[in-house]
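J.: I am sharing my_file-v4.cif, which consists of mmCIF, C-alpha atoms:
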data_structure
#
loop_
_atom_site.label_atom_id
_atom_site.label_comp_id
_atom_site.auth_asym_id
_atom_site.auth_seq_id
_atom_site.Cartn_x
_atom_site.Cartn_y
_atom_site.Cartn_z
CA MET Z 1 -182.05 4.97 -236.64
CA PRO Z 2 -180.85 1.33 -236.27
CA LEU Z 3 -184.29 -0.14 -237.02
CA LEU Z 4 -184.64 1.79 -240.29
CA SER Z 5 -181.11 0.86 -241.34
CA ILE Z 6 -181.78 -2.83 -240.78
CA LEU Z 7 -185.04 -2.67 -242.70
CA LEU Z 8 -183.47 -0.75 -245.59
CA ARG Z 9 -180.60 -3.27 -245.87
CA ALA Z 10 -183.09 -6.13 -245.76
CA MET Z 11 -185.13 -4.61 -248.61
CA GLU Z 12 -182.18 -3.72 -250.82
CA ASN Z 13 -182.27 -5.51 -254.21
CA VAL Z 14 -185.10 -7.74 -252.98
CA THR Z 15 -188.33 -6.01 -253.95
CA THR Z 16 -189.47 -3.21 -256.20
CA VAL Z 17 -192.67 -2.54 -254.25
CA ASN Z 18 -193.06 1.15 -253.43
CA GLU Z 19 -196.42 1.15 -251.66
CA PHE Z 20 -199.44 -0.85 -250.59
CA LEU Z 21 -203.04 0.20 -251.12
CA LEU Z 22 -205.15 0.07 -247.98
CA LEU Z 23 -208.81 -0.85 -247.74
CA GLU Z 24 -211.27 1.91 -246.86
CA LEU Z 25 -213.59 1.38 -243.91
CA THR Z 26 -216.64 2.27 -245.97
CA SER Z 27 -217.34 2.91 -249.64
CA THR Z 28 -220.20 5.27 -248.77
CA GLN Z 29 -218.84 8.78 -249.24
CA GLU Z 30 -221.45 10.34 -246.92
CA LEU Z 31 -220.26 8.20 -244.00
CA GLN Z 32 -216.58 9.07 -244.31
CA PRO Z 33 -216.80 12.51 -242.60
CA VAL Z 34 -218.81 10.92 -239.79
CA LEU Z 35 -216.20 8.17 -239.38
CA LEU Z 36 -213.40 10.73 -239.46
CA MET Z 37 -214.96 12.83 -236.68
CA THR Z 38 -215.74 9.71 -234.63
CA LEU Z 39 -212.18 8.41 -234.91
CA LEU Z 40 -210.74 11.86 -234.16
CA ILE Z 41 -212.87 12.17 -230.99
CA ILE Z 42 -211.90 8.65 -229.90
CA TYR Z 43 -208.21 9.43 -230.51
CA MET Z 44 -208.34 12.70 -228.55
CA ILE Z 45 -210.14 11.05 -225.61
CA ASP Z 46 -207.61 8.22 -225.74
CA LEU Z 47 -204.67 10.65 -225.60
CA PHE Z 48 -206.27 12.73 -222.84
CA GLY Z 49 -207.40 9.76 -220.72
CA ASN Z 50 -204.21 7.73 -220.87
CA GLY Z 51 -202.09 10.89 -220.69
CA SER Z 52 -203.91 11.97 -217.52
CA ILE Z 53 -203.29 8.62 -215.85
CA LEU Z 54 -199.63 8.73 -216.87
CA VAL Z 55 -199.22 12.26 -215.43
CA VAL Z 56 -200.96 11.27 -212.18
CA VAL Z 57 -198.90 8.10 -211.72
CA ILE Z 58 -195.66 10.03 -212.25
CA SER Z 59 -196.52 13.15 -210.24
CA GLU Z 60 -198.51 11.71 -207.31
CA PRO Z 61 -196.16 10.15 -204.68
CA ARG Z 62 -199.06 8.32 -203.02
CA LEU Z 63 -199.41 6.19 -206.15
CA TYR Z 64 -195.80 5.03 -206.08
CA SER Z 65 -196.66 1.34 -205.84
CA PRO Z 66 -196.22 -1.68 -208.14
CA MET Z 67 -199.85 -1.69 -209.35
CA TYR Z 68 -199.70 1.94 -210.49
CA PHE Z 69 -196.22 1.51 -211.92
CA PHE Z 70 -197.60 -1.11 -214.31
CA LEU Z 71 -200.72 1.00 -214.90
CA GLY Z 72 -198.49 3.88 -215.99
CA ASN Z 73 -196.68 1.56 -218.40
CA LEU Z 74 -200.03 0.39 -219.77
CA SER Z 75 -201.24 3.98 -220.30
CA CYS Z 76 -198.03 4.93 -222.13
CA LEU Z 77 -198.35 1.81 -224.25
CA ASP Z 78 -202.01 2.53 -225.12
CA ILE Z 79 -201.13 6.03 -226.33
CA CYS Z 80 -198.50 4.58 -228.65
CA TYR Z 81 -200.67 1.63 -229.70
CA SER Z 82 -203.56 3.75 -230.96
CA SER Z 83 -201.08 6.17 -232.60
CA VAL Z 84 -199.75 3.34 -234.79
CA THR Z 85 -203.00 2.88 -236.71
CA LEU Z 86 -205.40 5.78 -236.08
CA PRO Z 87 -203.48 8.70 -237.69
CA ILE Z 88 -202.93 6.73 -240.93
CA LEU Z 89 -206.55 5.57 -240.92
CA MET Z 90 -207.81 9.15 -240.52
CA ALA Z 91 -205.41 10.44 -243.17
CA ASN Z 92 -206.68 7.84 -245.65
CA LEU Z 93 -210.26 8.92 -244.98
CA LEU Z 94 -209.26 12.38 -246.24
CA SER Z 95 -207.25 11.11 -249.20
CA ALA Z 96 -208.44 9.73 -252.53
CA HIS Z 97 -205.24 7.65 -252.81
CA LYS Z 98 -205.41 5.38 -249.79
CA ALA Z 99 -201.89 4.04 -249.69
CA VAL Z 100 -198.92 3.53 -247.39
CA SER Z 101 -195.28 3.34 -248.46
CA PHE Z 102 -193.45 0.03 -248.26
CA LEU Z 103 -191.16 1.27 -245.48
CA GLY Z 104 -194.13 2.86 -243.72
CA CYS Z 105 -196.01 -0.43 -243.92
CA ILE Z 106 -193.13 -2.44 -242.45
CA THR Z 107 -192.63 0.18 -239.72
CA GLN Z 108 -196.33 0.09 -238.83
CA LEU Z 109 -196.19 -3.71 -238.74
CA HIS Z 110 -193.21 -3.56 -236.40
CA PHE Z 111 -194.73 -1.19 -233.87
CA PHE Z 112 -198.14 -2.88 -234.03
CA HIS Z 113 -196.63 -6.22 -232.98
CA PHE Z 114 -194.11 -4.59 -230.62
CA LEU Z 115 -196.79 -2.76 -228.63
CA GLY Z 116 -199.36 -5.54 -228.84
CA CYS Z 117 -196.90 -8.11 -227.47
CA THR Z 118 -195.79 -5.69 -224.73
CA GLU Z 119 -199.40 -5.19 -223.62
CA SER Z 120 -199.95 -8.94 -223.47
CA ILE Z 121 -196.91 -9.44 -221.23
CA LEU Z 122 -197.74 -6.38 -219.09
CA LEU Z 123 -201.25 -7.66 -218.43
CA ALA Z 124 -199.75 -10.95 -217.22
CA MET Z 125 -197.42 -9.03 -214.90
CA MET Z 126 -200.32 -6.98 -213.54
CA GLY Z 127 -202.19 -10.20 -212.86
CA PHE Z 128 -199.17 -11.58 -211.00
CA ASP Z 129 -198.95 -8.34 -209.01
CA ARG Z 130 -202.59 -8.72 -207.87
CA PHE Z 131 -201.94 -12.39 -207.05
CA VAL Z 132 -199.01 -11.54 -204.76
CA ALA Z 133 -200.86 -8.57 -203.18
CA ILE Z 134 -203.92 -10.67 -202.28
CA CYS Z 135 -202.47 -14.11 -201.58
CA TYR Z 136 -199.17 -13.04 -199.95
CA PRO Z 137 -199.82 -9.54 -198.52
CA LEU Z 138 -197.06 -9.75 -195.88
CA ARG Z 139 -194.42 -10.52 -198.51
CA TYR Z 140 -195.81 -8.17 -201.15
CA THR Z 141 -193.37 -5.30 -200.67
CA VAL Z 142 -190.44 -7.73 -200.63
CA ILE Z 143 -191.43 -9.62 -203.79
CA MET Z 144 -192.72 -6.65 -205.78
CA ASN Z 145 -190.00 -4.15 -204.92
CA LEU Z 146 -189.02 -1.30 -207.22
CA LYS Z 147 -186.06 -3.11 -208.81
CA ALA Z 148 -188.18 -6.18 -209.53
CA CYS Z 149 -190.91 -4.08 -211.16
CA ILE Z 150 -188.45 -2.17 -213.33
CA LEU Z 151 -186.81 -5.46 -214.35
CA LEU Z 152 -190.16 -7.05 -215.27
CA ALA Z 153 -191.26 -4.02 -217.31
CA THR Z 154 -187.86 -3.84 -219.07
CA VAL Z 155 -188.04 -7.53 -220.00
CA ALA Z 156 -191.54 -6.99 -221.42
CA TRP Z 157 -190.52 -4.04 -223.60
CA ILE Z 158 -187.20 -5.52 -224.82
CA THR Z 159 -188.60 -9.00 -225.53
CA SER Z 160 -191.46 -7.51 -227.52
CA PHE Z 161 -189.16 -5.20 -229.48
CA PHE Z 162 -186.97 -8.04 -230.73
CA TYR Z 163 -190.00 -10.23 -231.40
CA ALA Z 164 -191.47 -7.50 -233.62
CA LEU Z 165 -188.07 -6.84 -235.24
CA MET Z 166 -187.93 -10.52 -236.22
CA HIS Z 167 -191.25 -10.24 -238.09
CA SER Z 168 -190.29 -6.89 -239.64
CA VAL Z 169 -186.98 -8.09 -241.08
CA MET Z 170 -188.33 -11.46 -242.24
CA THR Z 171 -191.28 -9.78 -243.97
CA ALA Z 172 -189.18 -7.02 -245.54
CA ARG Z 173 -186.91 -9.61 -247.19
CA LEU Z 174 -189.79 -11.13 -249.19
CA ASN Z 175 -190.59 -10.53 -252.84
CA PHE Z 176 -194.13 -9.36 -253.60
CA CYS Z 177 -195.62 -10.26 -256.96
CA HIS Z 178 -199.41 -10.23 -256.57
CA SER Z 179 -202.00 -7.47 -256.24
CA LEU Z 180 -200.76 -5.03 -253.63
CA LYS Z 181 -204.18 -3.96 -252.35
CA LEU Z 182 -204.34 -5.09 -248.72
CA ASN Z 183 -207.65 -6.42 -247.48
CA HIS Z 184 -207.38 -4.30 -244.33
CA PHE Z 185 -206.92 -0.73 -243.11
CA PHE Z 186 -203.44 -1.32 -241.64
CA CYS Z 187 -200.39 -3.49 -242.34
CA ASP Z 188 -200.00 -6.86 -240.65
CA VAL Z 189 -197.75 -9.88 -241.19
CA LYS Z 190 -200.44 -12.36 -242.26
CA LEU Z 191 -201.85 -9.89 -244.79
CA LEU Z 192 -198.48 -9.23 -246.41
CA LEU Z 193 -197.67 -12.94 -246.67
CA GLU Z 194 -200.72 -13.35 -248.93
CA PHE Z 195 -198.96 -11.18 -251.55
CA ALA Z 196 -195.50 -12.73 -251.24
CA CYS Z 197 -193.95 -14.96 -253.87
CA GLY Z 198 -191.49 -17.67 -253.06
CA ASP Z 199 -191.14 -19.79 -249.96
CA ILE Z 200 -192.92 -18.30 -246.94
CA ARG Z 201 -192.93 -21.43 -244.77
CA LEU Z 202 -190.39 -19.98 -242.35
CA ASN Z 203 -192.51 -16.85 -241.89
CA GLN Z 204 -195.59 -18.99 -241.28
CA TRP Z 205 -193.76 -21.13 -238.73
CA LEU Z 206 -192.55 -18.01 -236.92
CA ILE Z 207 -196.15 -16.77 -236.69
CA PHE Z 208 -197.39 -20.15 -235.50
CA ILE Z 209 -194.65 -20.89 -232.95
CA VAL Z 210 -193.24 -17.55 -231.75
CA THR Z 211 -196.37 -15.40 -232.04
CA GLY Z 212 -198.57 -18.19 -230.72
CA SER Z 213 -196.30 -18.71 -227.71
CA LEU Z 214 -196.00 -15.00 -226.88
CA ALA Z 215 -199.79 -14.69 -227.06
CA MET Z 216 -200.88 -17.85 -225.25
CA VAL Z 217 -198.29 -18.02 -222.45
CA PRO Z 218 -199.05 -14.54 -220.99
CA CYS Z 219 -202.79 -15.18 -221.48
CA PHE Z 220 -202.51 -18.50 -219.60
CA PHE Z 221 -200.59 -17.00 -216.68
CA THR Z 222 -202.94 -14.00 -216.51
CA PHE Z 223 -206.06 -16.12 -216.12
CA LEU Z 224 -204.18 -18.56 -213.86
CA SER Z 225 -203.42 -15.66 -211.51
CA TYR Z 226 -207.12 -14.80 -211.30
CA LEU Z 227 -208.06 -18.43 -210.76
CA TYR Z 228 -205.67 -18.60 -207.80
CA ILE Z 229 -206.98 -15.30 -206.42
CA ILE Z 230 -210.63 -16.38 -206.61
CA SER Z 231 -209.83 -19.82 -205.16
CA PHE Z 232 -207.76 -18.33 -202.36
CA LEU Z 233 -210.39 -15.84 -201.21
CA LEU Z 234 -213.32 -18.20 -201.73
CA PHE Z 235 -211.87 -21.10 -199.75
CA LYS Z 236 -210.36 -18.84 -197.12
CA ASN Z 237 -213.71 -17.17 -196.31
CA ARG Z 238 -215.94 -20.10 -197.39
CA THR Z 239 -218.77 -17.66 -198.18
CA CYS Z 240 -220.27 -15.96 -201.21
CA ARG Z 241 -218.92 -12.75 -199.73
CA GLY Z 242 -215.40 -14.06 -200.27
CA LEU Z 243 -216.08 -14.67 -203.96
CA HIS Z 244 -217.67 -11.22 -204.29
CA LYS Z 245 -214.61 -9.67 -202.68
CA ALA Z 246 -212.33 -11.54 -205.08
CA LEU Z 247 -214.26 -10.48 -208.15
CA SER Z 248 -214.61 -6.84 -207.09
CA THR Z 249 -210.91 -6.61 -206.16
CA CYS Z 250 -209.74 -7.57 -209.64
CA ALA Z 251 -212.76 -6.53 -211.71
CA SER Z 252 -211.03 -3.59 -213.43
CA HIS Z 253 -208.00 -5.56 -214.53
CA PHE Z 254 -210.08 -8.58 -215.55
CA MET Z 255 -212.30 -6.38 -217.75
CA VAL Z 256 -209.22 -4.95 -219.51
CA VAL Z 257 -207.76 -8.44 -220.02
CA SER Z 258 -211.03 -9.84 -221.38
CA LEU Z 259 -211.46 -6.89 -223.76
CA PHE Z 260 -207.89 -7.21 -225.03
CA TYR Z 261 -207.84 -10.97 -225.61
CA GLY Z 262 -211.46 -11.06 -226.80
CA THR Z 263 -210.83 -8.61 -229.63
CA VAL Z 264 -207.46 -10.22 -230.46
CA GLY Z 265 -209.14 -13.62 -230.76
CA LEU Z 266 -211.97 -12.31 -232.96
CA THR Z 267 -209.46 -10.44 -235.15
CA TYR Z 268 -207.01 -13.28 -235.80
CA ILE Z 269 -209.25 -16.35 -235.89
CA SER Z 270 -209.51 -17.31 -239.55
CA PRO Z 271 -212.82 -16.05 -241.03
CA THR Z 272 -215.15 -18.63 -242.60
CA SER Z 273 -217.13 -16.32 -244.90
CA ALA Z 274 -217.08 -12.91 -246.57
CA THR Z 275 -219.34 -11.59 -243.83
CA SER Z 276 -216.85 -12.79 -241.21
CA VAL Z 277 -214.06 -10.93 -243.03
CA ILE Z 278 -216.03 -7.67 -242.90
CA GLN Z 279 -216.90 -8.22 -239.24
CA GLY Z 280 -213.24 -8.94 -238.53
CA ARG Z 281 -212.27 -5.52 -239.89
CA TYR Z 282 -214.62 -3.75 -237.51
CA VAL Z 283 -213.43 -5.89 -234.60
CA ALA Z 284 -209.89 -4.82 -235.54
CA VAL Z 285 -211.04 -1.18 -235.36
CA ILE Z 286 -212.39 -1.87 -231.86
CA HIS Z 287 -209.15 -3.60 -230.87
CA THR Z 288 -206.90 -0.78 -232.07
CA THR Z 289 -209.06 2.16 -230.95
CA VAL Z 290 -211.78 1.40 -228.41
CA THR Z 291 -209.66 -0.88 -226.20
CA SER Z 292 -207.10 1.86 -225.59
CA LEU Z 293 -209.95 4.32 -224.99
CA LEU Z 294 -211.74 2.13 -222.44
CA ASN Z 295 -208.67 1.19 -220.39
CA PRO Z 296 -208.38 4.57 -218.57
CA LEU Z 297 -212.16 4.74 -218.12
CA ILE Z 298 -212.31 1.26 -216.59
CA TYR Z 299 -209.46 1.95 -214.17
CA THR Z 300 -210.63 5.40 -213.10
CA LEU Z 301 -214.32 4.58 -212.71
CA ARG Z 302 -213.62 1.57 -210.50
CA ASN Z 303 -210.55 2.85 -208.65
CA LYS Z 304 -211.06 5.35 -205.85
CA GLU Z 305 -207.35 6.12 -205.44
CA VAL Z 306 -206.94 7.04 -209.11
CA LYS Z 307 -210.05 9.25 -209.08
CA LEU Z 308 -208.86 11.07 -205.98
CA ALA Z 309 -205.37 11.48 -207.43
CA LEU Z 310 -206.80 12.90 -210.67
CA SER Z 311 -208.83 15.39 -208.65
CA ARG Z 312 -205.77 16.32 -206.60
CA VAL Z 313 -203.41 16.76 -209.53
CA PHE Z 314 -205.88 18.61 -211.76
CA GLY Z 315 -207.10 21.15 -209.23
CA ARG Z 316 -209.30 19.98 -206.40
CA LYS Z 317 -207.50 19.36 -203.12
CA LEU Z 318 -208.78 16.08 -201.70
CA LYS Z 319 -207.09 13.96 -199.08
CA LEU Z 320 -205.50 10.66 -200.01
CA PRO Z 321 -204.17 8.00 -197.65
CA ASN Z 322 -200.42 8.37 -197.49
CA GLU Z 323 -199.39 4.96 -198.80
CA ASN Z 324 -196.16 4.50 -200.67
CA HIS Z 325 -195.51 0.77 -200.90
CA TRP Z 326 -191.90 1.33 -201.95
CA GLN Z 327 -191.01 3.38 -198.89
CA HIS Z 328 -192.15 0.94 -196.20
#
Please lay out the structure from this file as structure tokens.
T.:
Amino acid sequence: MPLLSILLRAMENVTTVNEFLLLELTSTQELQPVLLMTLLIIYMIDLFGNGSILVVVISEPRLYSPMYFFLGNLSCLDICYSSVTLPILMANLLSAHKAVSFLGCITQLHFFHFLGCTESILLAMMGFDRFVAICYPLRYTVIMNLKACILLATVAWITSFFYALMHSVMTARLNFCHSLKLNHFFCDVKLLLEFACGDIRLNQWLIFIVTGSLAMVPCFFTFLSYLYIISFLLFKNRTCRGLHKALSTCASHFMVVSLFYGTVGLTYISPTSATSVIQGRYVAVIHTTVTSLLNPLIYTLRNKEVKLALSRVFGRKLKLPNENHWQH
């Protein structure tokens, strides 16, 4: 595997670290089985919910449209995103030695940032899709054609992969000389830099400039899309009904965006006290587990087409309007 080869070469003769110790979610032994069962249930629902949406989007021709193309990408991403942290977290709940190997830690770091960055960019693209669909409906099929959607999704995945690879290689090249007990339940760049010796200014600048840009720019364009949508419908209709229509049209996507960026902000804003650090850990659990779980629920509960398609694919024969936006 090219990624593993690069990481192994980067680590050669640089560090003697074999593993990192991970923090346990709770020190109360009686609560650990409860947490394990809770996380296992969440993970299974996550896999089933996002997997169902992915199967429906692929197998149901009536959902062959830009919005559902990006929704399928998001569901695939959420399955992978929760799989980066949850299995290791559950395994550590069963183990007395709560540790992760150095290579495993760097690999987890890579995929955590890879998938997180991809989701950020995908949410911006989904916002742009809704903007074009509502504000320019007559040009929608021309602007958001199949080739354009595939190109946008490919750019999101490739850009995020190389962004994460940058952090993985730069972190793997560091020497670590302090206590190797991470103050978290998974590996992240900022946590590992706390244990690094030597000059880490370049790593810090990469986090500040590159990570900051890849987080803020998609966030800005996502909310800008919704601002244009609300303004367009409100001023076009000049009634409260127009605003209600705007909010209800994009409510599902806006809820997903708010949940994603809200938990990211609470996780990465520097804590001011020990209590804030503990709260940040639980927010991180919500970000890595509950967000992926709620995404399919939000989209299916508020989307009639998806609910009908799920019923059709998984047994009940219900009629759907025959709309394939890529065949018009």
J.: Would you kindly return, as number ranges by chain, each protein, DNA or RNA residue with an atom no farther than 9 Å from any atom of Leu165 of chain Z, considering all atoms listed in the file and excluding same-chain residues fewer than 5 positions away?
T.: Z: 3, 110-111, 113-114, 160, 170
J.: Report as a PyMOL selection string the residues that result from applying the PyMOL selection byres ((chain Z and resi 144) around 12) to the structure here.
T.: chain Z and resi 65-67+69-70+125-126+128-133+136-143+145-153+325-326
J.: What does the PyMOL selection byres ((chain Z and resi 108) around 12) select in this file, as a PyMOL selection string?
T.: chain Z and resi 4+80-89+100-107+109-116+164-165+167-168+185-189
J.: Quick one: residues within 10 Å of (-212.7, 1.0, -228.6) (file frame), counting only C-alpha atoms, please, as a ChimeraX atom specification.
T.: /Z:39,42-43,46,82,259,263,283-295
J.: Please return as number ranges by chain every residue within 10 Å of (-213.4, 1.2, -241.5), taking into account only C-alpha atoms and the file's own coordinates.
T.: Z: 23-27, 32, 35-36, 39, 89-90, 93, 184-185, 278, 281-285
J.: Given all atoms listed in the file as the basis, pick out the residue of Z:Tyr261, Z:Phe176, Z:Phe235, Z:Phe195 nearest to Pro218 of chain Z.
T.: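 Result for the nearest residue to Pro218 of chain Z: Z:Tyr261.
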J.: Considering only C-alpha atoms, return as an NGL selection string whatever protein or nucleic-acid residues lie within 6 Å of Ala99 of chain Z, sequence-local ones (same chain, fewer than 5 positions apart) excluded.
T.: :Z and (20-22)
J.: Rank nothing, just name the residue among Z:Val313, Z:Met37, Z:Val264, Z:Cys117 nearest to Thr159 of chain Z, using only C-alpha atoms.
T.: Z:Cys117
J.: Quick one: apply the PyMOL selection byres ((chain Z and resi 202-209) around 12) to the file and drop the selected residues here as a ChimeraX atom specification.
T.: /Z:113,163-164,166-174,188-194,196,198-201,210-217,268
